[in-house]
Structure formats: C-alpha cells, structure tokens
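K.L.:
One structure follows; several queries about it will come next.
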Amino acid sequence: MIFDGVECFAHTLHCKGTVLKGQRTDPLVPPAPEYAHSIRLDGDIILGGLFPVHARGERGAPCGELKKEKGIHRLEAMLFAIDLINKDPDLLPNVTLGARILDTCSRDTYALEQSLTFVQALIERDSTDVRCTSGEQPIFAKPDKIIGVIGAAASSVSIMVANILRLFKIPQISYASTAPELSDNTRYDFFSRVVPPDSYQAQAMLDIVTAMGWNYVSTLASEGNYGESGVEAFVQISRESGGVCIAQSLKIPREPRLGEFDKIILRLLETPHARAIVMFANEDDIRRVLDAAKRNNQTGHFLWVGSDSWGSKISPVVQQESVAEGAITILPKRASIEAFDRYFKSRSLSNNRRNVWFAEFWEENFGCKLGMHGKRPGSPKKCTGLEKVGRDSTYEQEGKVQFVMDAVYAMAHALHRMHRDLCSGYPGLCPRMSNIDGKELLGYIRNVSFNGSAKTLVVFNENGDAPGRYDIYQYQITNGSAEYRIIGHWTDQLHLNMNAMQWASRDSSMPASVCSLPCQTGERKKVVKGVPCCWHCERCEGYHYQASEFTCQLCPYEQRPDQNRTSCQPIPIIKLEWHSPWAVVPVFIAILGILATTFVVVTFVRYNDTPIVRASGREMSYVLLTGIFLCYVTTFPMIAEPGVAVCSFRRIFLGLGMCFSYAALLTKTNRIHRIFEQGKQSVAAPRFISPASQLVITFSLISVQLMGVFVWFVADPPHTVVDYGEQRTQDPENARGVLKCDISDLSLICSLGYSILLMVTCTVYAIKTRGVPETFNEAKPIGFTMYTTCIIWLAFIPIFFGTAQSAERMYIQTTTLTVSLSLSASVSLGMLYMPKVYIIILHPEQNVPKRKRSFKAIVTAATMTNKLSQLASERPNGEVKTELCESVDNSSEYRHLLYQAQFVNVNVGRGSMT
C-alpha cells in the first residue's frame, strides 16, 4: 500500500524528504501545531483528559459553541493541578506529569472517537505494506502512552469511554459523572469518581421530599444515562421506602420537537395534586421546562426539586426567576479554590499558549475578535490582548473545579505510593515503572486517602465511588433579588433548616404535594388499589377505634372509643342513685309504709289485751306485720349500691317479706276453711287451729323460703357484676356499664316464685271461704286483699319483663319491683289493720267485750246459714219464704243462732264470741 500523504493516527506518520499532501509550504505562515485538536504537555508520566470544551453540535456538526465554565474552567483546573504537583517536592519527586487533553464536544460518540488516541500506544501496527511516495520506509512517531484518564464530565460520555479503556486496563477517574450505572464494578471495573453517584443523590432527594411531607411527586428526566439512571434510582429507592408515590415519569427527548416542553407541562398538570417535580435534567432542558411553565401561567404551581445538574447554576433560571422561585436543588459539597481563581485570572494570550482553545475562550469571554481568522467574524470589537479576566469580564469559578483537581491529585497520590513501593529510594522513574500496569495502578487508586483541594477527605469505596456529601439549596427572591441560599446538607442523612425556607406564596406553611389529604383522627385510610399514596378516609364507627393508619379495631367489651377514636377508654359505670326520680318514689312509699307499719305495731302492742287485738289473733297479726315491714324494708337494699353485703341482703329480703305475709294469710284462710268444712260434718273443732299450731305452720312455710335462699348462697355466692350489655347503645357516647348484683331474671323469679305460690294458694282459700258469715275471722278482708295483690303482681310481670330491652331497664325494673312490694304490703296493711286501728284510736267505745258463746253454738249458726242458702236456691220464692217462716216460728233457738252467725266475730282458738 502506497501512503499518499494522508495523516494517520493524529500525525504519527512521516516520510523523509517528502512533503505530505495538504501540508502548508508558505514560509510566512508557521507550520500548524502537531496536536492542534488537543493539548499536549510533555512529562515522564502522561495523563489523559476529557473535557466538554464545546457543546454538542447541531445539524450534523460534531461540535458547537464553546463552553466557558464547564469546558475551559475545568480544563485549566487540570493544567493547574498538574503544575502544582510538578512543583511539589513531596509528591512524585523527580517525576514530571504530562497530559494529553481532548475535547468531547459533549457527545458520547465523538468522545469515543477521540479517546482512541489514548490507546494508540497499546495497539500493535503492521507497517509492512505502508510506503511513502518516494518508495522509502515511513517513520512512525511513537504515540504517548496514557497511564490514566481524568474525565469525562457527562455520564453518557464516561460510560462510552469506560468500555474502551477497560479493554486496555487504563484507570479512569471522573470529576462529574454521577450515573448509578457506573457503580457496577463488574462492567466498569477501571472506573472511579471523586463525586458521589446519583444513587446517593437520589436518596438525598427522596429524604428532602419526605421531609417536606410530599408523598405524591412526578419525575422528569433528560434522555440519556444521567437523567434516566437518576430517575430510575429515585423511583427504586422510593418504592423500597414505600413513602413516596410517583404520579408520572416523563422523559425529555434528546432532540425535542417544537412545542415538546409545552406538552410536558400539560401532562404534568394531568395530576395537579403532584406539584413536586423531581428533575434529573441538563441545564438546557431545565431552562426550557421553566420557560414552558411560565408560558402556561403555572408560576408558583410546581415545586421543583433539581439534581446537581441544576445545582446553583444561574443559566437555567435567567429570566425565569419567578417560576423557579422556591426550587430546591442539590449539589455535591464543594468549595471555591482561591488559588485557582488567582491562577485563572492571571491567564492571558501570551502566557497560556499551551491551551489551544484559550484564544477562542478569549473572544467569547470578552466579546471581541482576534485577527482575520478569529472565531467571531461578526464581532465589531477587536481584541487587544491586554484584557484581563475578572476585570473586563464577569468571572465565577465553575462548581466542578474542586473535583477536577481532586481527580488529578488522586491519580498523583496513587502514582506516588506505587513509586514508593516499586522504586524505593530511586530518583525519577525506575525500570519497574517504565511500563506501568493499569490493574496494579487501579489498586493504588482505590486505596488513596488524602485531604483534597477543599480540605475534604478523598476516598473511594470498593466500587470506586466517593462518599455522598451534598449541600441543599433553595432559590429564593428577597426584596427583588434572587439567589441560591443553602438550607441544609446531606451526609448519609438529611439535615434541613425548615425555618430558612421561603415559598412563592409568602405563606409560612409548607406547600402540599399529596394525592390525598391526611385523614383526621379516628379515621382510617382506605388505600386506592395500586396507588398507595392515594386513599379515602373512613370514620371508625360504633365501638371501633383507629388501631393504626389503615385499620379500625373493636374496643374490648368493657371499653368504648375515646373522643378522638384513637384509643379505648373504660365505659362509665352507673348504678341507681338515691337522688334519682326512679329511687325517690319507691323510697318515699317505703318510708311511709314503714311509718304506718310501725304505728300499727305500736298501737297493737299498747292495746294488746283489748278485744279487737285479741280477736285479730295477736300472734299471727305480728307475723303478718313483720312480713309487711320486710316488704317495705326490701326497697332499701334494692336501691343501695351493689356490694357483697347488699347483694346478700337482696337475696334474703327479696322474697322473705312476701313469704312472711302470705304464709300468715294462708295459714289464717286455711284455718277458716277447715273450721267451716269441719262444721258441716260435726260440731267438733278441727285439729291444729290453736295459736301455737298456727305459728308452727306459718314458720314451716317460711323455712322453705329460707332453705331455698341458703342453697342459693352455697351454689352461687353473692357477688357484683358490671353489665355492659344492658345500656350498650349504638352511640358509644351514651354507653354505660350497670353495676348490679349477679341475680338473673330467672333467679329473681325463682326467689319470688315461692312467695307467689303462697299468694295464689291463699287467694284460692280466700275464694273458698267467701261464703262464711261476714267479717268472720277477717275472711272477706283477706279475700279482697288477695284479689288486689294478684292484680298488682299481674301488672308487675309484663312491666318487668317487657322492659328487658329498654335502655332504662335497670331503673324501670328496680322501681317496678320495689313499688309492687310496697303496694302489696300497703294493701294488706290498709285492708286488714287500718280499720282496727281506726276503732282502737277513734272509737274506743266499740272496743269492749260481749257475752261469750260456745264454739258449738257458733258453728251451728254458721252451718244453718249455709243450709238456708241451699234451700233458697232449690225452692221457689214463695215456698222458701213460707218454709223459712215456719222454721223461724217453730224454733226460737234457731232464730237466735242465725242472728249470732250473721253478726259474729269469733276467736275460735280462744272460744270467745262477740
């Protein structure tokens, strides 16, 4: 193959005595520099450098306009760091660092082509078929061997370059690439970086969003490794934490069409509650997004959260101040290097010829034109060369300058340790370092530890990542002046000063970015399926309380929800109070009854030997009065606060008073019935009609009741319970627990059942003895007493059991029972004893003894009365009258007995008659 003067591998091929094709021959024009497309510094060890000196070109052009800060500032930072290292007697002594710096033009494919320069020395060439036009052997210039590369800036460029460099085992240290993908040590094992990866940044941004209480956000990413990887990391971490939901994830195309950013704003407005927008986008896209939001009148609506690509840059927010106000941005912790400021401000066209792009920077920075071949042909102003950076133009150190210098120093420290280990005591490069092994150098790089240019520790983890250290900014407008203000920092965890924050609304309250507002206390979240940050609030109803954020639970049976329904509290316990109307009425009746009963007893005791008291049967009268008294007294234990003693008294007295009363009345009616039944057959007196016999019968009947109560005590000792079901209303606020004795309705009926049985039996005897002579031994008053008592208790049963489901059950049943007992006692007292007391007190003249008659005469008179009644029913009216008249005429003695039978008041036991 004949070589026809075409440049190959960046001018590494030359022919003796032959002018290569395309080479200038004008002696007035100096020959073109050998490395006009790059910067080359000679040295013992050559470092590669990749910087975005120019922006991405448009319409097919590889490169665009010059980037003053990101390109020239960073490039000069590497040159400045190399100068400092070469002057440092303690770092790489007697070893000079050189450099080969290339322009990536912010495009990954172009950077890949440029980076081939770094691997030329490692590629073997076959030159047997290469000939010069003169036929002579060509001379190949030996390419520089690059032992390590500083860069690149963009993550997409670093990824592309890293794939090539790892094949040739060339270590790479980036000063700005933060894509999480580069942390994969299996794919990018020769890649390291002095900036933290976006996984840390994503965690920091998630912590910010969480601290703000924003759980519903959208994400916006520039297409490419940086934006997509950053958003992916944010989404993954937010999904793992579970506290933040992503409303939308939008992507900005590499080559956006006209109106694309307006469409993005309209799409973000489809979820208006997701006001917070997490952005991983380049500064140009950020500026155009803010501009679109301003055009769509959305100033103040969106809450921007920007990554380090926004940081504290001015360019994205120029003329967008109002719409950017309140934006929270993040930036790796950095410091301004004053030594670099002095260095850069001292650069001029005369002392900075090594930077082949500095002339272009000079024109761009000062807005002038350098000669006929200047890059700014339209500029009317001509450069003098005497301009000064910082004096005749604005200057602010680019944010990544610190990291560029740290990357160069990291490489230098690694080489220094390698030199110390391999060339101990040897000045300059020893033979062992003449051919540096990239893998061995990588090990030294990963183990460096030193204080960087900003006095912060520079170290790498096993994946080559630097630790996460970020400053958090907020873009604020104060008195018309806009600035980025530091509001916190993040180092493994968030430290945020909420008081330093300021919002466009000038409202001190935190703006919201939530799908659903927080539920009120006592409400649970019913999460929308698939969107855990969106929910409906449901009130915990009834006896349920808010057990957790998402659940309501039923309170224990004896408790109810508190006012906020966040916990349970004991249900108030009530009992029948003495001052309650339900207690006042029965107590009043009972007191009157007790006073009346006491008055009767006192009267009977005082007039114990008078005829009326004696004729009433004193022994049985006192037993009956005792029962009446106990019926009244029962009211008090029934109303008193339940306790073991009170419950015991309730069991004893509940049926005992009625048992005393109706056992005595039953004994009396039974005796009357037996007397008159016996009189029909003979005039002999029945057995067991004496007072002693009557008392024995009565107390025998009472003992059955007492025996039942004793068995009840043994089987189920008295105790109190709190009944929470009796007044367990639908509204827990009205729920009450009722303190009561453990006496069920069945036990109550059993306790009263025996007394009711005595009452019914007594009523039957009262009916049977209704035909005896009027007032004979109180037969008819007892009958009326029993009829009235039956009516009272027949009314009691439906009232008592009919209110079992009522909320006022305790009050109604207690009052009904006590009033029924008092009314029963009052009927007996009124009908049986009040007439006697009336005569004893007010008509003592009637309380005198009459002549006595024999028991036989009394019984005969009663028997004749019965017979006459039978004849009257069997004969016609006239016949009866005639027969009766005849009978009366024939027997004067019979007439006398009949008269006695109609007006007799007999004490049969004592044999007296009045």
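We name chains A, B, ... following the order of the structure tokens; residues begin at 1 in each chain, and ligands are numbered from 1 as shown.
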Leaving out A:Asp471 and any residue of its chain fewer than 4 positions from it, which residues lie within 7 Å of it when counting only C-alpha atoms, given as a list of chain:residue names?
P.N.:
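Counting only C-alpha atoms, the residues come to A:Ile330, A:Leu331, A:Pro332, A:Lys333, A:Ile486, A:Gly488, A:His489, A:Trp490.
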K.L.:
Determine which residues of stretch 192-369 of chain A receive a DSSP assignment of helix (DSSP H, G or I), computed from the backbone, and state them as a PyMOL selection string.
P.N.:
chain A and resi 198-211+225-241+260-268+283-295+315-317+321-324+338-345+358-366
K.L.:
Taking only C-alpha atoms into account, produce a table as JSON lines in which each residue of stretch 494-513 of chain A with an atom at most 12 Å from an atom of stretch 272-276 of chain A appears once, together with its shortest atom pair and the distance in Å to one decimal, ordered by chain and rising number.
P.N.:
{"residue": "A:Pro511", "atom": "CA", "partner": "A:Arg275", "partner_atom": "CA", "distance": 8.9}
{"residue": "A:Ala512", "atom": "CA", "partner": "A:Arg275", "partner_atom": "CA", "distance": 7.4}
{"residue": "A:Ser513", "atom": "CA", "partner": "A:Arg275", "partner_atom": "CA", "distance": 5.0}
K.L.:
Between A:Ser174, A:Thr478, A:Thr729, A:Ser307, which is the closest to A:Asp406 once you count only C-alpha atoms?
P.N.:
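Among A:Ser174, A:Thr478, A:Thr729, A:Ser307, it is A:Ser174 that comes nearest to A:Asp406.
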K.L.:
Applying 10 Å and only C-alpha atoms, which residues near A:Cys568 remain after dropping the ones on its own chain fewer than 2 positions away? List them as a list in words.
P.N.:
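The filter keeps Tyr543, His544, Tyr545, Gln546, Ala547, Gln553, Leu554, Cys555, Pro556, Glu558, Gln559, Arg560, Pro561, Asp562, Gln563, Asn564, Arg565, Thr566, Pro570 and Ile571 of chain A.
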K.L.:
For A:Leu496, which residue among A:Gln474, A:Ser315, A:Gln172, A:Thr598 is the nearest when counting only C-alpha atoms?
P.N.:
A:Gln474
K.L.:
For A:Ala281, please output as JSON, numbers by chain all residues within 12 Å (counting only C-alpha atoms; exclusion window: fewer than 4 positions along the same chain).
P.N.:
{"A": [154, 219, 220, 221, 222, 223, 224, 225, 226, 227, 228, 229, 230, 231, 250, 251, 252, 253, 254, 277, 285, 286, 287, 288, 289, 290, 304, 305, 306, 307, 308, 309, 310, 311, 316, 329]}
K.L.:
Using N, CA and C atoms, can you export the residues from the last selection as an mmCIF file, in the first residue's frame?
P.N.:
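What landed in selection_9.cif:
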data_model
loop_
_atom_site.group_PDB
_atom_site.id
_atom_site.type_symbol
_atom_site.label_atom_id
_atom_site.label_comp_id
_atom_site.auth_asym_id
_atom_site.auth_seq_id
_atom_site.Cartn_x
_atom_site.Cartn_y
_atom_site.Cartn_z
ATOM 1 N N ALA A 154 -19.879 14.228 31.329
ATOM 2 C CA ALA A 154 -21.213 13.620 31.212
ATOM 3 C C ALA A 154 -21.134 12.119 31.450
ATOM 4 N N THR A 219 -41.695 12.773 38.131
ATOM 5 C CA THR A 219 -40.271 12.845 37.801
ATOM 6 C C THR A 219 -40.121 13.296 36.348
ATOM 7 N N LEU A 220 -39.035 13.974 36.097
ATOM 8 C CA LEU A 220 -38.741 14.495 34.763
ATOM 9 C C LEU A 220 -37.257 14.301 34.506
ATOM 10 N N ALA A 221 -36.929 13.611 33.418
ATOM 11 C CA ALA A 221 -35.535 13.265 33.142
ATOM 12 C C ALA A 221 -35.180 13.601 31.709
ATOM 13 N N SER A 222 -33.963 14.063 31.523
ATOM 14 C CA SER A 222 -33.424 14.206 30.165
ATOM 15 C C SER A 222 -33.034 12.833 29.657
ATOM 16 N N GLU A 223 -33.341 12.566 28.401
ATOM 17 C CA GLU A 223 -33.000 11.270 27.831
ATOM 18 C C GLU A 223 -31.485 11.098 27.856
ATOM 19 N N GLY A 224 -31.045 9.962 28.308
ATOM 20 C CA GLY A 224 -29.618 9.691 28.425
ATOM 21 C C GLY A 224 -29.322 9.016 29.753
ATOM 22 N N ASN A 225 -28.058 8.630 29.909
ATOM 23 C CA ASN A 225 -27.686 7.874 31.110
ATOM 24 C C ASN A 225 -27.889 8.669 32.386
ATOM 25 N N TYR A 226 -27.505 9.927 32.372
ATOM 26 C CA TYR A 226 -27.605 10.718 33.596
ATOM 27 C C TYR A 226 -29.055 10.848 34.057
ATOM 28 N N GLY A 227 -29.907 11.364 33.179
ATOM 29 C CA GLY A 227 -31.287 11.611 33.574
ATOM 30 C C GLY A 227 -32.051 10.338 33.856
ATOM 31 N N GLU A 228 -31.974 9.369 32.970
ATOM 32 C CA GLU A 228 -32.749 8.141 33.124
ATOM 33 C C GLU A 228 -32.265 7.330 34.317
ATOM 34 N N SER A 229 -30.945 7.246 34.500
ATOM 35 C CA SER A 229 -30.412 6.480 35.634
ATOM 36 C C SER A 229 -30.765 7.161 36.954
ATOM 37 N N GLY A 230 -30.705 8.497 36.982
ATOM 38 C CA GLY A 230 -31.048 9.212 38.208
ATOM 39 C C GLY A 230 -32.495 9.004 38.600
ATOM 40 N N VAL A 231 -33.389 9.124 37.638
ATOM 41 C CA VAL A 231 -34.814 8.917 37.920
ATOM 42 C C VAL A 231 -35.072 7.463 38.304
ATOM 43 N N LEU A 250 -41.851 11.358 33.258
ATOM 44 C CA LEU A 250 -41.749 11.874 31.894
ATOM 45 C C LEU A 250 -40.292 11.992 31.483
ATOM 46 N N LYS A 251 -40.086 11.914 30.165
ATOM 47 C CA LYS A 251 -38.730 11.953 29.625
ATOM 48 C C LYS A 251 -38.640 13.060 28.570
ATOM 49 N N ILE A 252 -37.548 13.794 28.616
ATOM 50 C CA ILE A 252 -37.296 14.848 27.638
ATOM 51 C C ILE A 252 -36.424 14.258 26.526
ATOM 52 N N PRO A 253 -36.886 14.241 25.296
ATOM 53 C CA PRO A 253 -36.088 13.638 24.202
ATOM 54 C C PRO A 253 -34.770 14.381 23.988
ATOM 55 N N ARG A 254 -33.824 13.664 23.392
ATOM 56 C CA ARG A 254 -32.531 14.282 23.090
ATOM 57 C C ARG A 254 -32.701 15.449 22.114
ATOM 58 N N ILE A 277 -41.947 18.256 41.436
ATOM 59 C CA ILE A 277 -41.365 17.657 40.233
ATOM 60 C C ILE A 277 -39.884 17.397 40.500
ATOM 61 N N ASP A 285 -32.294 21.757 29.255
ATOM 62 C CA ASP A 285 -33.665 21.255 29.387
ATOM 63 C C ASP A 285 -34.372 21.903 30.563
ATOM 64 N N ILE A 286 -33.644 22.130 31.649
ATOM 65 C CA ILE A 286 -34.246 22.785 32.816
ATOM 66 C C ILE A 286 -34.757 24.172 32.435
ATOM 67 N N ARG A 287 -33.904 24.904 31.715
ATOM 68 C CA ARG A 287 -34.289 26.267 31.316
ATOM 69 C C ARG A 287 -35.541 26.242 30.445
ATOM 70 N N ARG A 288 -35.638 25.299 29.508
ATOM 71 C CA ARG A 288 -36.776 25.253 28.599
ATOM 72 C C ARG A 288 -38.044 24.760 29.305
ATOM 73 N N VAL A 289 -37.888 23.898 30.319
ATOM 74 C CA VAL A 289 -39.055 23.472 31.104
ATOM 75 C C VAL A 289 -39.617 24.650 31.898
ATOM 76 N N LEU A 290 -38.732 25.408 32.528
ATOM 77 C CA LEU A 290 -39.188 26.579 33.290
ATOM 78 C C LEU A 290 -39.855 27.596 32.380
ATOM 79 N N TRP A 304 -40.252 22.585 42.341
ATOM 80 C CA TRP A 304 -39.139 21.934 41.648
ATOM 81 C C TRP A 304 -38.132 21.378 42.655
ATOM 82 N N VAL A 305 -37.675 20.167 42.387
ATOM 83 C CA VAL A 305 -36.587 19.553 43.154
ATOM 84 C C VAL A 305 -35.539 19.121 42.132
ATOM 85 N N GLY A 306 -34.443 19.891 42.044
ATOM 86 C CA GLY A 306 -33.458 19.676 40.999
ATOM 87 C C GLY A 306 -32.227 18.930 41.478
ATOM 88 N N SER A 307 -31.650 18.170 40.577
ATOM 89 C CA SER A 307 -30.425 17.417 40.883
ATOM 90 C C SER A 307 -29.213 18.331 40.743
ATOM 91 N N ASP A 308 -28.031 17.732 40.804
ATOM 92 C CA ASP A 308 -26.812 18.543 40.765
ATOM 93 C C ASP A 308 -26.576 19.178 39.399
ATOM 94 N N SER A 309 -27.270 18.707 38.360
ATOM 95 C CA SER A 309 -27.133 19.363 37.060
ATOM 96 C C SER A 309 -27.748 20.759 37.097
ATOM 97 N N TRP A 310 -28.670 20.988 38.019
ATOM 98 C CA TRP A 310 -29.213 22.328 38.253
ATOM 99 C C TRP A 310 -28.359 23.021 39.296
ATOM 100 N N GLY A 311 -28.212 22.368 40.449
ATOM 101 C CA GLY A 311 -27.341 22.886 41.496
ATOM 102 C C GLY A 311 -27.600 24.337 41.806
ATOM 103 N N PRO A 316 -29.849 28.292 34.076
ATOM 104 C CA PRO A 316 -31.208 27.755 33.888
ATOM 105 C C PRO A 316 -32.308 28.703 34.345
ATOM 106 N N THR A 329 -32.647 22.583 45.179
ATOM 107 C CA THR A 329 -31.648 21.907 44.355
ATOM 108 C C THR A 329 -30.581 21.294 45.243
#
K.L.:
I'd like the interatomic distance between atom CA of A:Leu706 and atom CA of A:Ile628, to a tenth of an Å.
P.N.:
17.0 Å
K.L.:
Would you pick out the contacts of A:Val605 at 10 Å or less, using only C-alpha atoms, so that residues sharing its chain but fewer than 6 positions from it are not included, and give the list as a PDB file with N, CA and C atoms, in the first residue's frame?
P.N.:
ATOM      1  N   PHE A 599     -96.494   2.333 113.275  1.00  0.00           N
ATOM      2  CA  PHE A 599     -97.628   2.874 114.058  1.00  0.00           C
ATOM      3  C   PHE A 599     -98.620   1.778 114.425  1.00  0.00           C
ATOM      4  N   VAL A 613    -107.827  -6.446 119.418  1.00  0.00           N
ATOM      5  CA  VAL A 613    -106.479  -7.000 119.178  1.00  0.00           C
ATOM      6  C   VAL A 613    -106.495  -8.492 119.441  1.00  0.00           C
ATOM      7  N   ARG A 618    -103.480 -12.267 117.881  1.00  0.00           N
ATOM      8  CA  ARG A 618    -102.299 -11.435 118.082  1.00  0.00           C
ATOM      9  C   ARG A 618    -101.024 -12.034 117.485  1.00  0.00           C
ATOM     10  N   TYR A 622     -98.853 -10.247 114.417  1.00  0.00           N
ATOM     11  CA  TYR A 622     -97.473  -9.769 114.495  1.00  0.00           C
ATOM     12  C   TYR A 622     -96.596 -10.388 113.398  1.00  0.00           C
TER      13      TYR A 622
END
